[in-house]
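Colleague: Let me give you the structure first, and then I'll get to my questions.
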Amino acid sequence: MDATDIHVPVAISTAHVHLTPAVIEELFSDMYRLHERSRLLQPTQYAAKESVTLIGPHGRLSNVRIIGPPRAVNQVELSRNDALTLGIDAPERKSGDLEGTPGIFIEGPRTRVKLERGVICALRHVHMGPFDADRLGLKDQDRIDVFTEGPTRRILFRDVLVRVSADYRLELHLDADDGRAAGLSSGDYVLLGGQSTQRPNG
Ligand SMILES: [Zn+2]
């Protein structure tokens with residue numbers, strides 16, 4: 001099957017944080033457990049009822065959602081606009097690639113915690129399970145083109161990172177800046193345009 005036949009649902013991610021159990025306890029209370037507000041399409045992932053405030057040198061972002069379940073490593077995912085608001089030069093990275101990334105202050109009901117690192121602008125990426133990867137001829141870490149349909153303001157995203165895992169469902173993840181630029185909302189569909197012809201470094 002050709003990749004261009006595949007419609008992929010979109011999820012637009014606003015600024016959010018993944019936190020360790022230890023930081024959640026510091027921010028909320030001892031032995032604190034997150035409360036699920038809504039399930040995300042990716043299995044086991046949920047938006048928590050709990051939110052935090054991010055504080056950078058130039059400003060703050062409040063009502064920033066915690067995405068559960070808790071993780072082994074803290075990660076703060078911002079759009080470029082969020083990063084400008086905070087005054088933090090967040091590099092474009094894939095999830096989990098946090099070497100040399102800037103830190104941030106996070107405020108919860110109990111206290112303010114300083115993370116030494118973990119602030120990124122997440123690379124555009126599309127999640128998929130092994131079955132979809134096989135039928136599309138793709139593997140983890142490949143880069144593909146993704147484009148929007150419609151009569152106007154069509155946009156082509158180059159070099160979108162492919163993430164394959166048995167735990168994933170087919171879904172494109174964009175940040176709020178990209179979503180706005182492309183006129184896309186969560187639940188809309190885009191088309192895969194095949195593998196990018198020129199692979200970026202790394
Ligand atoms: Zn994702």
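For the structure tokens, the naming scheme is as follows: chains receive sequential letters (A, B, ...) according to their order of presentation, residues are indexed from 1 within each chain, and ligands are indexed from 1 in presentation order.
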Identify all residues of segment 49-147 of chain A in strand (DSSP E) (DSSP on the backbone) and supply them as an MDAnalysis selection string.

Modeller: chainID A and resid 49:55 60:68 75:77 92:93 104:107 112:115 119:122 125:128 143:147

Colleague: Residues at most 8 Å from ligand 1, using only C-alpha atoms and all ligand atoms? Could they come as a list in words?

Modeller: Ser95, His125, Val126, His127, Glu171, Leu172 and His173 of chain A

Colleague: Can you tell me which residues surround Glu149 of chain A at a distance of at most 9 Å, considering only C-alpha atoms, apart from same-chain residues fewer than 5 positions away, and format the answer as a PyMOL selection string?

Modeller: chain A and resi 154-155+189-191

Colleague: List the spatial neighbours of Asp188 of chain A as a list in words - criterion: any atom at most 10 Å away, only C-alpha atoms, same-chain residues fewer than 2 positions off excluded.

Modeller: His7, Val8, Pro9, Val10, Ala11, Ile12, Thr148, Leu172, Gly183, Leu184, Ser185, Ser186 and Val190 of chain A

Colleague: Restrict the selected residues to N, CA and C atoms and save them as an mmCIF file, in the first residue's frame.

Modeller:
```cif
data_model
loop_
_atom_site.group_PDB
_atom_site.id
_atom_site.type_symbol
_atom_site.label_atom_id
_atom_site.label_comp_id
_atom_site.auth_asym_id
_atom_site.auth_seq_id
_atom_site.Cartn_x
_atom_site.Cartn_y
_atom_site.Cartn_z
ATOM 1 N N HIS A 7 -4.959 8.294 5.515
ATOM 2 C CA HIS A 7 -5.391 9.447 6.286
ATOM 3 C C HIS A 7 -5.005 9.247 7.747
ATOM 4 N N VAL A 8 -4.370 10.240 8.295
ATOM 5 C CA VAL A 8 -3.868 10.126 9.663
ATOM 6 C C VAL A 8 -4.549 11.166 10.545
ATOM 7 N N PRO A 9 -5.110 10.742 11.672
ATOM 8 C CA PRO A 9 -5.707 11.720 12.576
ATOM 9 C C PRO A 9 -4.636 12.575 13.250
ATOM 10 N N VAL A 10 -5.010 13.800 13.542
ATOM 11 C CA VAL A 10 -4.083 14.779 14.115
ATOM 12 C C VAL A 10 -4.428 15.013 15.587
ATOM 13 N N ALA A 11 -3.417 15.121 16.408
ATOM 14 C CA ALA A 11 -3.597 15.613 17.774
ATOM 15 C C ALA A 11 -2.703 16.827 17.958
ATOM 16 N N ILE A 12 -3.300 17.939 18.337
ATOM 17 C CA ILE A 12 -2.535 19.156 18.592
ATOM 18 C C ILE A 12 -2.199 19.191 20.084
ATOM 19 N N THR A 148 -1.632 18.627 4.286
ATOM 20 C CA THR A 148 -3.044 18.850 4.600
ATOM 21 C C THR A 148 -3.836 18.896 3.299
ATOM 22 N N LEU A 172 -0.751 11.824 14.156
ATOM 23 C CA LEU A 172 0.257 12.869 13.977
ATOM 24 C C LEU A 172 0.197 13.826 15.157
ATOM 25 N N GLY A 183 -4.099 25.452 10.129
ATOM 26 C CA GLY A 183 -5.550 25.432 10.278
ATOM 27 C C GLY A 183 -6.071 24.087 10.722
ATOM 28 N N LEU A 184 -5.275 23.353 11.495
ATOM 29 C CA LEU A 184 -5.659 22.015 11.941
ATOM 30 C C LEU A 184 -6.065 22.026 13.408
ATOM 31 N N SER A 185 -7.069 21.205 13.719
ATOM 32 C CA SER A 185 -7.469 20.975 15.102
ATOM 33 C C SER A 185 -7.362 19.482 15.388
ATOM 34 N N SER A 186 -7.327 19.143 16.656
ATOM 35 C CA SER A 186 -7.304 17.729 17.032
ATOM 36 C C SER A 186 -8.515 17.035 16.430
ATOM 37 N N VAL A 190 -4.798 14.355 8.128
ATOM 38 C CA VAL A 190 -3.806 14.769 7.133
ATOM 39 C C VAL A 190 -3.439 13.539 6.311
#
```

Colleague: When you look at Ser38 of chain A with a cut-off of 6 Å (counting only C-alpha atoms), what residues show up, excluding the ones that are within fewer than 2 positions of it in the same chain? I need them as a list in words.

Modeller: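 Using only C-alpha atoms, the neighbours found are Glu36, Tyr46 and Ala47 of chain A.
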
Colleague: So which residues touch Gln75 of chain A within 12 Å, counting only C-alpha atoms, skipping near sequence neighbours fewer than 5 positions away, as an MDAnalysis selection string?

Modeller: chainID A and resid 15:20 23 66:68 70 90 93:99 101:104 106 115:122

Colleague: Need the shell around Asp132 of chain A: protein/DNA/RNA residues with any atom at most 8 Å away, counting only C-alpha atoms. Skip same-chain ones fewer than 4 positions apart. Format as number ranges by chain?

Modeller: A: 128, 136, 170

Colleague: Calculated over only C-alpha atoms, which of the candidates A:Ala133, A:Ile6, A:Leu84, A:Ile24 has the smallest distance to Pro69 of chain A?

Modeller: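 Nearest candidate to Pro69 of chain A out of A:Ala133, A:Ile6, A:Leu84, A:Ile24: A:Ile24.
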